[in-house]
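**Student:** My structure file start.csv, CSV, C-alpha atoms, is below:
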```csv
chain,number,residue,atom,x,y,z
A,1,MET,CA,-2.5,-17.1,-6.3
A,2,ARG,CA,-1.1,-16.3,-2.9
A,3,TYR,CA,2.4,-14.7,-2.8
A,4,GLU,CA,4.5,-15.0,0.3
A,5,PHE,CA,7.1,-12.3,0.8
A,6,PRO,CA,8.3,-10.0,3.5
A,7,ASP,CA,6.6,-6.6,3.7
A,8,ALA,CA,9.4,-5.0,1.7
A,9,LEU,CA,8.2,-6.6,-1.5
A,10,LYS,CA,4.5,-6.4,-2.5
A,11,VAL,CA,2.7,-8.1,-5.4
A,12,THR,CA,-0.6,-6.6,-6.6
A,13,CYS,CA,-2.8,-8.3,-9.1
A,14,ASP,CA,-4.7,-6.4,-11.7
A,15,GLY,CA,-6.2,-8.9,-14.2
A,16,PRO,CA,-3.2,-10.4,-16.0
A,17,ILE,CA,-0.8,-7.7,-14.8
A,18,ARG,CA,1.3,-8.2,-11.7
A,19,LEU,CA,2.7,-5.0,-10.0
A,20,VAL,CA,5.8,-5.9,-8.0
A,21,GLU,CA,6.7,-3.0,-5.7
A,22,ILE,CA,9.9,-2.7,-3.7
A,23,ASP,CA,8.5,-1.1,-0.5
A,24,ARG,CA,11.2,0.3,1.8
A,25,PRO,CA,10.6,4.0,1.0
A,26,ASP,CA,12.2,5.3,4.2
A,27,GLU,CA,15.4,3.6,3.2
A,28,LEU,CA,15.1,4.5,-0.5
A,29,ASN,CA,14.2,0.9,-1.1
A,30,ALA,CA,17.7,-0.3,-0.2
A,31,VAL,CA,18.0,-4.1,-0.3
A,32,ASP,CA,18.5,-5.8,3.0
A,33,LYS,CA,18.8,-9.6,3.7
A,34,ASN,CA,15.1,-10.3,3.5
A,35,LEU,CA,14.4,-8.2,0.4
A,36,HIS,CA,17.5,-9.7,-1.3
A,37,ARG,CA,16.1,-13.2,-0.8
A,38,ALA,CA,12.7,-12.1,-1.9
A,39,LEU,CA,14.1,-10.7,-5.2
A,40,ALA,CA,15.7,-14.1,-5.8
A,41,THR,CA,12.5,-16.1,-5.3
A,42,VAL,CA,9.8,-13.8,-6.5
A,43,TRP,CA,10.3,-14.8,-10.2
A,44,ARG,CA,9.5,-18.5,-9.6
A,45,GLN,CA,6.3,-17.6,-7.8
A,46,LEU,CA,5.3,-15.2,-10.6
A,47,ALA,CA,6.1,-17.9,-13.2
A,48,ALA,CA,3.8,-20.3,-11.3
A,49,ASP,CA,0.9,-17.8,-11.4
A,50,THR,CA,-1.1,-19.2,-14.4
A,51,ASP,CA,-3.2,-16.0,-14.5
A,52,ALA,CA,-0.2,-13.7,-14.9
A,53,ALA,CA,0.8,-12.4,-18.3
A,54,VAL,CA,3.0,-9.3,-17.6
A,55,VAL,CA,5.0,-7.9,-14.7
A,56,ILE,CA,5.7,-4.3,-13.8
A,57,LEU,CA,8.5,-3.7,-11.3
A,58,THR,CA,8.8,-0.4,-9.5
A,59,GLY,CA,9.8,1.2,-6.2
A,60,ALA,CA,7.7,2.9,-3.5
A,61,GLY,CA,8.3,6.5,-2.8
A,62,ARG,CA,11.1,8.5,-4.3
A,63,ALA,CA,13.5,5.7,-5.3
A,64,PHE,CA,13.5,2.6,-7.4
A,65,SER,CA,16.2,1.1,-5.2
A,66,ALA,CA,19.3,2.7,-3.7
A,67,GLY,CA,21.2,-0.6,-3.9
A,68,GLY,CA,22.4,-2.6,-0.9
A,69,ASP,CA,21.4,-1.6,2.6
A,70,LEU,CA,24.5,-0.3,4.3
A,71,ASP,CA,24.0,-2.0,7.6
A,72,TRP,CA,23.6,-5.4,5.8
A,73,ILE,CA,26.5,-4.8,3.5
A,74,THR,CA,28.8,-3.7,6.3
A,75,SER,CA,28.0,-6.9,8.2
A,76,PHE,CA,29.8,-8.8,5.5
A,77,LEU,CA,33.1,-7.4,6.6
A,78,ASP,CA,33.1,-9.8,9.6
A,79,ASP,CA,30.6,-12.4,8.3
A,80,PRO,CA,32.1,-14.4,5.4
A,81,VAL,CA,29.2,-16.9,5.5
A,82,GLY,CA,26.6,-14.1,5.1
A,83,ARG,CA,28.8,-12.5,2.4
A,84,ASP,CA,29.1,-15.7,0.4
A,85,GLU,CA,25.3,-16.4,0.7
A,86,SER,CA,24.6,-12.9,-0.6
A,87,ILE,CA,26.8,-13.6,-3.7
A,88,ARG,CA,24.9,-16.9,-4.4
A,89,GLU,CA,21.6,-15.1,-4.1
A,90,GLY,CA,22.9,-12.3,-6.4
A,91,ALA,CA,23.7,-14.8,-9.0
A,92,GLU,CA,20.3,-16.4,-8.5
A,93,ILE,CA,18.5,-13.0,-9.0
A,94,ILE,CA,20.2,-12.5,-12.4
A,95,ASP,CA,19.7,-16.1,-13.5
A,96,GLU,CA,16.0,-16.1,-12.5
A,97,MET,CA,15.3,-12.8,-14.2
A,98,LEU,CA,17.0,-14.1,-17.5
A,99,ARG,CA,14.9,-17.3,-17.3
A,100,PHE,CA,11.6,-15.7,-16.3
A,101,PRO,CA,9.1,-16.4,-19.1
A,102,LEU,CA,6.9,-13.3,-18.9
A,103,PRO,CA,7.8,-9.8,-20.1
A,104,VAL,CA,8.9,-7.5,-17.3
A,105,ILE,CA,8.5,-3.7,-17.5
A,106,ALA,CA,10.7,-1.7,-15.1
A,107,ALA,CA,9.0,1.6,-14.1
A,108,VAL,CA,12.1,3.4,-12.7
A,109,ASN,CA,10.6,6.1,-10.6
A,110,GLY,CA,13.8,7.4,-9.0
A,111,PRO,CA,17.4,6.4,-8.3
A,112,ALA,CA,18.4,2.9,-9.4
A,113,VAL,CA,21.8,2.3,-7.8
A,114,GLY,CA,24.1,-0.8,-7.6
A,115,LEU,CA,21.9,-3.9,-7.4
A,116,GLY,CA,18.9,-1.7,-8.0
A,117,CYS,CA,20.4,-0.6,-11.3
A,118,SER,CA,21.2,-4.2,-12.3
A,119,VAL,CA,17.7,-5.3,-11.6
A,120,ALA,CA,16.2,-2.5,-13.6
A,121,VAL,CA,18.4,-3.0,-16.6
A,122,LEU,CA,17.7,-6.8,-16.6
A,123,CYS,CA,14.0,-6.1,-17.2
A,124,ASP,CA,12.7,-6.4,-20.8
A,125,ILE,CA,11.5,-2.8,-21.1
A,126,VAL,CA,12.8,0.0,-19.0
A,127,LEU,CA,10.7,3.1,-18.6
A,128,MET,CA,12.3,5.9,-16.6
A,129,SER,CA,10.9,9.0,-15.0
A,130,GLU,CA,12.6,12.3,-15.9
A,131,LYS,CA,13.7,12.4,-12.2
A,132,ALA,CA,15.3,9.0,-12.2
A,133,TYR,CA,18.9,8.0,-12.8
A,134,LEU,CA,21.1,4.9,-13.0
A,135,ALA,CA,24.4,4.4,-11.2
A,136,ASP,CA,26.8,1.5,-10.4
A,137,PRO,CA,29.2,2.8,-7.7
A,138,HIS,CA,30.8,-0.6,-6.9
A,139,VAL,CA,34.3,0.6,-7.8
A,140,ALA,CA,34.0,3.7,-5.7
A,141,VAL,CA,33.7,1.5,-2.6
A,142,GLY,CA,36.5,-0.8,-3.6
A,143,LEU,CA,34.4,-3.6,-5.3
A,144,VAL,CA,34.2,-5.2,-8.7
A,145,ALA,CA,30.8,-4.5,-10.3
A,146,GLY,CA,30.1,-8.2,-10.3
A,147,ASP,CA,26.3,-8.4,-9.8
A,148,GLY,CA,25.5,-7.3,-13.4
A,149,GLY,CA,27.1,-4.1,-14.4
A,150,ALA,CA,30.6,-5.2,-15.7
A,151,ALA,CA,29.2,-8.3,-17.3
A,152,PHE,CA,25.8,-7.0,-18.6
A,153,TRP,CA,26.2,-3.4,-19.6
A,154,PRO,CA,28.6,-4.1,-22.5
A,155,LEU,CA,25.9,-6.2,-24.1
A,156,LEU,CA,23.6,-3.2,-24.3
A,157,THR,CA,25.8,-0.2,-24.8
A,158,PRO,CA,29.2,0.6,-26.3
A,159,ILE,CA,32.0,-0.7,-24.2
A,160,MET,CA,33.7,2.7,-24.2
A,161,ARG,CA,30.7,4.3,-22.6
A,162,SER,CA,30.3,1.4,-20.2
A,163,ARG,CA,33.8,1.8,-19.0
A,164,GLU,CA,33.5,5.4,-18.1
A,165,TYR,CA,30.3,5.0,-16.0
A,166,LEU,CA,31.5,1.7,-14.3
A,167,TYR,CA,34.9,3.1,-13.5
A,168,THR,CA,33.6,6.4,-12.0
A,169,GLY,CA,30.2,5.3,-10.7
A,170,ASP,CA,28.8,8.6,-12.1
A,171,ARG,CA,25.0,9.0,-12.4
A,172,ILE,CA,23.4,8.3,-15.7
A,173,SER,CA,20.4,10.5,-16.3
A,174,ALA,CA,17.2,9.1,-17.8
A,175,SER,CA,17.8,10.7,-21.2
A,176,THR,CA,21.4,9.5,-21.3
A,177,ALA,CA,20.3,6.0,-20.3
A,178,VAL,CA,18.0,5.9,-23.3
A,179,GLU,CA,20.8,7.2,-25.5
A,180,LEU,CA,23.1,4.5,-24.3
A,181,GLY,CA,20.6,1.7,-24.7
A,182,LEU,CA,20.2,1.0,-20.9
A,183,ALA,CA,16.6,2.2,-20.9
A,184,THR,CA,13.7,2.2,-23.4
A,185,ARG,CA,12.2,5.7,-23.0
A,186,VAL,CA,11.6,8.6,-20.6
A,187,THR,CA,8.3,9.8,-19.2
A,188,ALA,CA,7.1,12.6,-17.0
A,189,PRO,CA,7.0,11.4,-13.4
A,190,GLU,CA,3.2,11.5,-13.3
A,191,ASP,CA,3.0,9.4,-16.5
A,192,LEU,CA,5.4,6.7,-15.5
A,193,LEU,CA,3.0,4.1,-13.9
A,194,PRO,CA,0.1,4.9,-16.2
A,195,GLU,CA,2.4,4.4,-19.2
A,196,ALA,CA,3.7,1.2,-17.7
A,197,HIS,CA,0.2,-0.1,-17.2
A,198,ARG,CA,-0.8,0.9,-20.8
A,199,LEU,CA,2.1,-1.0,-22.2
A,200,ALA,CA,1.5,-4.0,-19.9
A,201,GLY,CA,-2.1,-4.1,-21.2
A,202,ARG,CA,-0.8,-4.2,-24.8
A,203,LEU,CA,1.6,-7.0,-24.0
A,204,ALA,CA,-1.0,-9.0,-22.1
A,205,ALA,CA,-3.2,-8.9,-25.2
A,206,GLN,CA,-0.5,-10.4,-27.4
A,207,PRO,CA,-0.6,-14.1,-28.2
A,208,ALA,CA,1.0,-15.5,-25.0
A,209,GLN,CA,3.1,-18.3,-26.5
A,210,ALA,CA,4.5,-16.2,-29.3
A,211,LEU,CA,5.5,-13.5,-26.8
A,212,ARG,CA,7.1,-15.9,-24.3
A,213,ASP,CA,9.1,-17.8,-27.0
A,214,THR,CA,10.3,-14.5,-28.5
A,215,LYS,CA,11.6,-13.5,-25.1
A,216,ARG,CA,13.2,-16.9,-24.6
A,217,VAL,CA,15.1,-16.7,-27.9
A,218,VAL,CA,16.3,-13.1,-27.3
A,219,ASN,CA,17.5,-14.0,-23.8
A,220,MET,CA,19.4,-17.0,-25.2
A,221,TYR,CA,21.9,-14.5,-26.6
A,222,LEU,CA,22.2,-12.8,-23.2
A,223,SER,CA,22.5,-16.0,-21.2
A,224,GLN,CA,25.2,-17.4,-23.5
A,225,ALA,CA,27.2,-14.2,-23.5
A,226,LEU,CA,27.0,-13.8,-19.8
A,227,GLY,CA,28.1,-17.2,-18.7
A,228,GLY,CA,31.9,-16.5,-18.4
A,229,PRO,CA,31.7,-12.8,-17.5
A,230,MET,CA,29.2,-13.3,-14.7
A,231,GLN,CA,31.2,-16.1,-13.0
A,232,ALA,CA,34.4,-14.1,-13.3
A,233,GLY,CA,32.6,-11.0,-12.0
A,234,PHE,CA,31.2,-12.6,-8.9
A,235,ALA,CA,34.6,-14.3,-8.1
A,236,ALA,CA,36.3,-10.9,-8.4
A,237,GLU,CA,33.6,-9.2,-6.3
A,238,VAL,CA,34.2,-11.7,-3.5
A,239,ALA,CA,37.9,-11.1,-3.6
A,240,THR,CA,37.5,-7.3,-3.4
A,241,MET,CA,35.0,-7.7,-0.6
A,242,GLN,CA,37.9,-9.0,1.5
A,243,SER,CA,40.3,-6.1,0.7
A,244,ALA,CA,41.4,-3.5,3.2
A,245,GLU,CA,40.5,-0.8,0.7
A,246,HIS,CA,36.9,-1.9,0.6
A,247,ARG,CA,36.7,-2.1,4.3
A,248,ASP,CA,38.0,1.5,4.6
A,249,ARG,CA,35.8,2.9,1.9
A,250,LEU,CA,32.7,1.1,3.2
A,251,THR,CA,33.3,2.1,6.8
A,252,ALA,CA,33.7,5.7,5.7
A,253,LEU,CA,30.5,5.5,3.7
A,254,ARG,CA,28.6,4.0,6.6
A,255,LYS,CA,29.6,6.8,8.9
A,256,ASN,CA,28.3,9.3,6.3
A,257,ALA,CA,25.1,7.3,5.7
A,258,PRO,CA,22.5,10.1,6.4
A,259,ARG,CA,24.4,12.4,4.0
A,260,GLN,CA,24.6,9.7,1.4
A,261,LYS,CA,20.9,8.9,1.7
A,262,GLU,CA,20.1,12.6,1.3
A,263,SER,CA,22.3,12.8,-1.8
A,264,ALA,CA,20.5,9.9,-3.4
A,265,ARG,CA,17.2,11.7,-3.1
```
What does this structure look like when you write it as structure tokens?
**Tutor:**
Amino acid sequence: MRYEFPDALKVTCDGPIRLVEIDRPDELNAVDKNLHRALATVWRQLAADTDAAVVILTGAGRAFSAGGDLDWITSFLDDPVGRDESIREGAEIIDEMLRFPLPVIAAVNGPAVGLGCSVAVLCDIVLMSEKAYLADPHVAVGLVAGDGGAAFWPLLTPIMRSREYLYTGDRISASTAVELGLATRVTAPEDLLPEAHRLAGRLAAQPAQALRDTKRVVNMYLSQALGGPMQAGFAAEVATMQSAEHRDRLTALRKNAPRQKESAR
């Protein structure tokens, strides 16, 4: 099957395994307009690939994904049409991942921040390098964590712990992510992709229908529980996108972008 995406998202075929790689390493795999659209549409193309059985999702270079590209996100301050389109696509990413029939293994090789964190945690199995971490810093830039964190984390980890990390935006180390239930297990950096491929091979050898239907039933709980919170979260995120505090915080962050990028490494 031929996949059609921008260069920032690559799909590699290895028998029944599909390796999906976010490939903007110089920008720490930050999500810009084209990559955001690709993340919303890749799941339908993968589902249509009749030879695929398992998907591995990872990032190129040192990061899984540093979240939204600052240039793109800053453009929303004066582009309400682009802002609203990004919200619709954000909802589409989450919906498509929940409905996707094949198992998805996240190989989190480095920082997974904001949307990158949400995409990682939405995968069926989350393997993390010892050097990786999760973080959702929406609140720190004046936004509601509407694209997954506030709605999704409490289904996986105690609400008390979710509150602390969502309110502060603090980094969650790989070992703490496992403890909280936001990740499956930790590996040495050099073992991350080999372990992901070994696990993908095991899943690909399972009876396909039984595996797909098991995922479908498990995800029914998530989809039903997320209906109200996700709608409320995205509505609240749009409202905070229009706040003066968000504009001030984002503008300051954008001015310090080189320093911020370095800190994410």
**Student:** Restricting the calculation to all atoms listed in the file: of A:Asp14, A:Glu27, A:Asp95, A:Asp147, which residue gets closest to Gly59 (chain A)?
**Tutor:** A:Glu27
**Student:** So which one's closest to Ser118 (chain A), A:Asp69, A:Glu164, A:Asp191, A:Asp136? Using only C-alpha atoms, please.
**Tutor:** A:Asp136
**Student:** Please compute the CA of Val126 (chain A)-CA of Met1 (chain A) distance, one decimal, in Å.
**Tutor:**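 CA of Met1 (chain A) lies at a distance of 26.2 Å from CA of Val126 (chain A).
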**Student:** Counting only C-alpha atoms, which residue out of A:Gly201, A:Leu122, A:Pro158, A:Met241 sits closest to Ser223 (chain A)?
**Tutor:**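 When distances to Ser223 (chain A) are compared using only C-alpha atoms, the smallest one comes from A:Leu122.
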**Student:** Would you mind reading off the distance between CA of Ile125 (chain A) and CA of Ala183 (chain A), one decimal, in Å?
**Tutor:**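 Distance reported for this atom pair: 7.1 Å.
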**Student:** Please determine, counting all atoms listed in the file, which residue among A:Thr74, A:Gln242, A:Ser65, A:Thr184 has the shortest atom-to-atom distance to Ala196 (chain A).
**Tutor:**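 Closest candidate: A:Thr184.
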**Student:** Using all atoms listed in the file, can you tell me which of A:Arg37, A:Arg202, A:Lys255, A:Lys215 comes closest to Leu9 (chain A)?
**Tutor:**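 With all atoms listed in the file as the atom set, the closest residue is A:Arg37.
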**Student:** Would you list the contacts of Glu245 (chain A) as a PyMOL selection string, taking every protein, DNA or RNA residue within 8 Å and counting all atoms listed in the file, but skipping same-chain residues closer than 2 positions in sequence?
**Tutor:** chain A and resi 141-142+243+247-249
**Student:** Output C-alpha atoms of each residue in that selection to a file, as a compact mmCIF listing (two decimals), in the frame of the given file.
**Tutor:**
```txt
# COMPACT_ATOMS: atom_id res chain seq x y z
CA VAL A 141 33.70 1.50 -2.60
CA GLY A 142 36.50 -0.80 -3.60
CA SER A 243 40.30 -6.10 0.70
CA ARG A 247 36.70 -2.10 4.30
CA ASP A 248 38.00 1.50 4.60
CA ARG A 249 35.80 2.90 1.90
```
**Student:** Tell me which protein, DNA and RNA residues are within 12 Å of Ala63 (chain A), counting only C-alpha atoms, leaving out same-chain ones fewer than 3 positions away, and put them as a JSON list (two decimals) with C-alpha atoms, in the coordinates of the input.
**Tutor:**
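selection.json written:
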```
[["chain", "number", "residue", "atom", "x", "y", "z"],
["A", 21, "GLU", "CA", 6.70, -3.00, -5.70],
["A", 22, "ILE", "CA", 9.90, -2.70, -3.70],
["A", 23, "ASP", "CA", 8.50, -1.10, -0.50],
["A", 24, "ARG", "CA", 11.20, 0.30, 1.80],
["A", 25, "PRO", "CA", 10.60, 4.00, 1.00],
["A", 26, "ASP", "CA", 12.20, 5.30, 4.20],
["A", 27, "GLU", "CA", 15.40, 3.60, 3.20],
["A", 28, "LEU", "CA", 15.10, 4.50, -0.50],
["A", 29, "ASN", "CA", 14.20, 0.90, -1.10],
["A", 30, "ALA", "CA", 17.70, -0.30, -0.20],
["A", 31, "VAL", "CA", 18.00, -4.10, -0.30],
["A", 58, "THR", "CA", 8.80, -0.40, -9.50],
["A", 59, "GLY", "CA", 9.80, 1.20, -6.20],
["A", 60, "ALA", "CA", 7.70, 2.90, -3.50],
["A", 66, "ALA", "CA", 19.30, 2.70, -3.70],
["A", 67, "GLY", "CA", 21.20, -0.60, -3.90],
["A", 107, "ALA", "CA", 9.00, 1.60, -14.10],
["A", 108, "VAL", "CA", 12.10, 3.40, -12.70],
["A", 109, "ASN", "CA", 10.60, 6.10, -10.60],
["A", 110, "GLY", "CA", 13.80, 7.40, -9.00],
["A", 111, "PRO", "CA", 17.40, 6.40, -8.30],
["A", 112, "ALA", "CA", 18.40, 2.90, -9.40],
["A", 113, "VAL", "CA", 21.80, 2.30, -7.80],
["A", 116, "GLY", "CA", 18.90, -1.70, -8.00],
["A", 117, "CYS", "CA", 20.40, -0.60, -11.30],
["A", 120, "ALA", "CA", 16.20, -2.50, -13.60],
["A", 128, "MET", "CA", 12.30, 5.90, -16.60],
["A", 129, "SER", "CA", 10.90, 9.00, -15.00],
["A", 131, "LYS", "CA", 13.70, 12.40, -12.20],
["A", 132, "ALA", "CA", 15.30, 9.00, -12.20],
["A", 133, "TYR", "CA", 18.90, 8.00, -12.80],
["A", 134, "LEU", "CA", 21.10, 4.90, -13.00],
["A", 189, "PRO", "CA", 7.00, 11.40, -13.40],
["A", 261, "LYS", "CA", 20.90, 8.90, 1.70],
["A", 262, "GLU", "CA", 20.10, 12.60, 1.30],
["A", 263, "SER", "CA", 22.30, 12.80, -1.80],
["A", 264, "ALA", "CA", 20.50, 9.90, -3.40],
["A", 265, "ARG", "CA", 17.20, 11.70, -3.10]]
```
**Student:** If we count all atoms listed in the file and set the cut-off at 8 Å, which residues sit around Pro137 (chain A), ignoring sequence neighbours fewer than 6 positions away in its own chain? Please answer as a ChimeraX atom specification.
**Tutor:** /A:113-114,145,166,168-170
**Student:** Between A:Ala47, A:Leu127, A:Val144, A:Ile73, which is the closest to Met97 (chain A) once you count all atoms listed in the file?
**Tutor:** A:Ala47
**Student:** Would you work out the distance separating CA of Leu57 (chain A) from CA of Leu253 (chain A), expressed in Å to one decimal?
**Tutor:**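 Computing it gives 28.2 Å between the two atoms.
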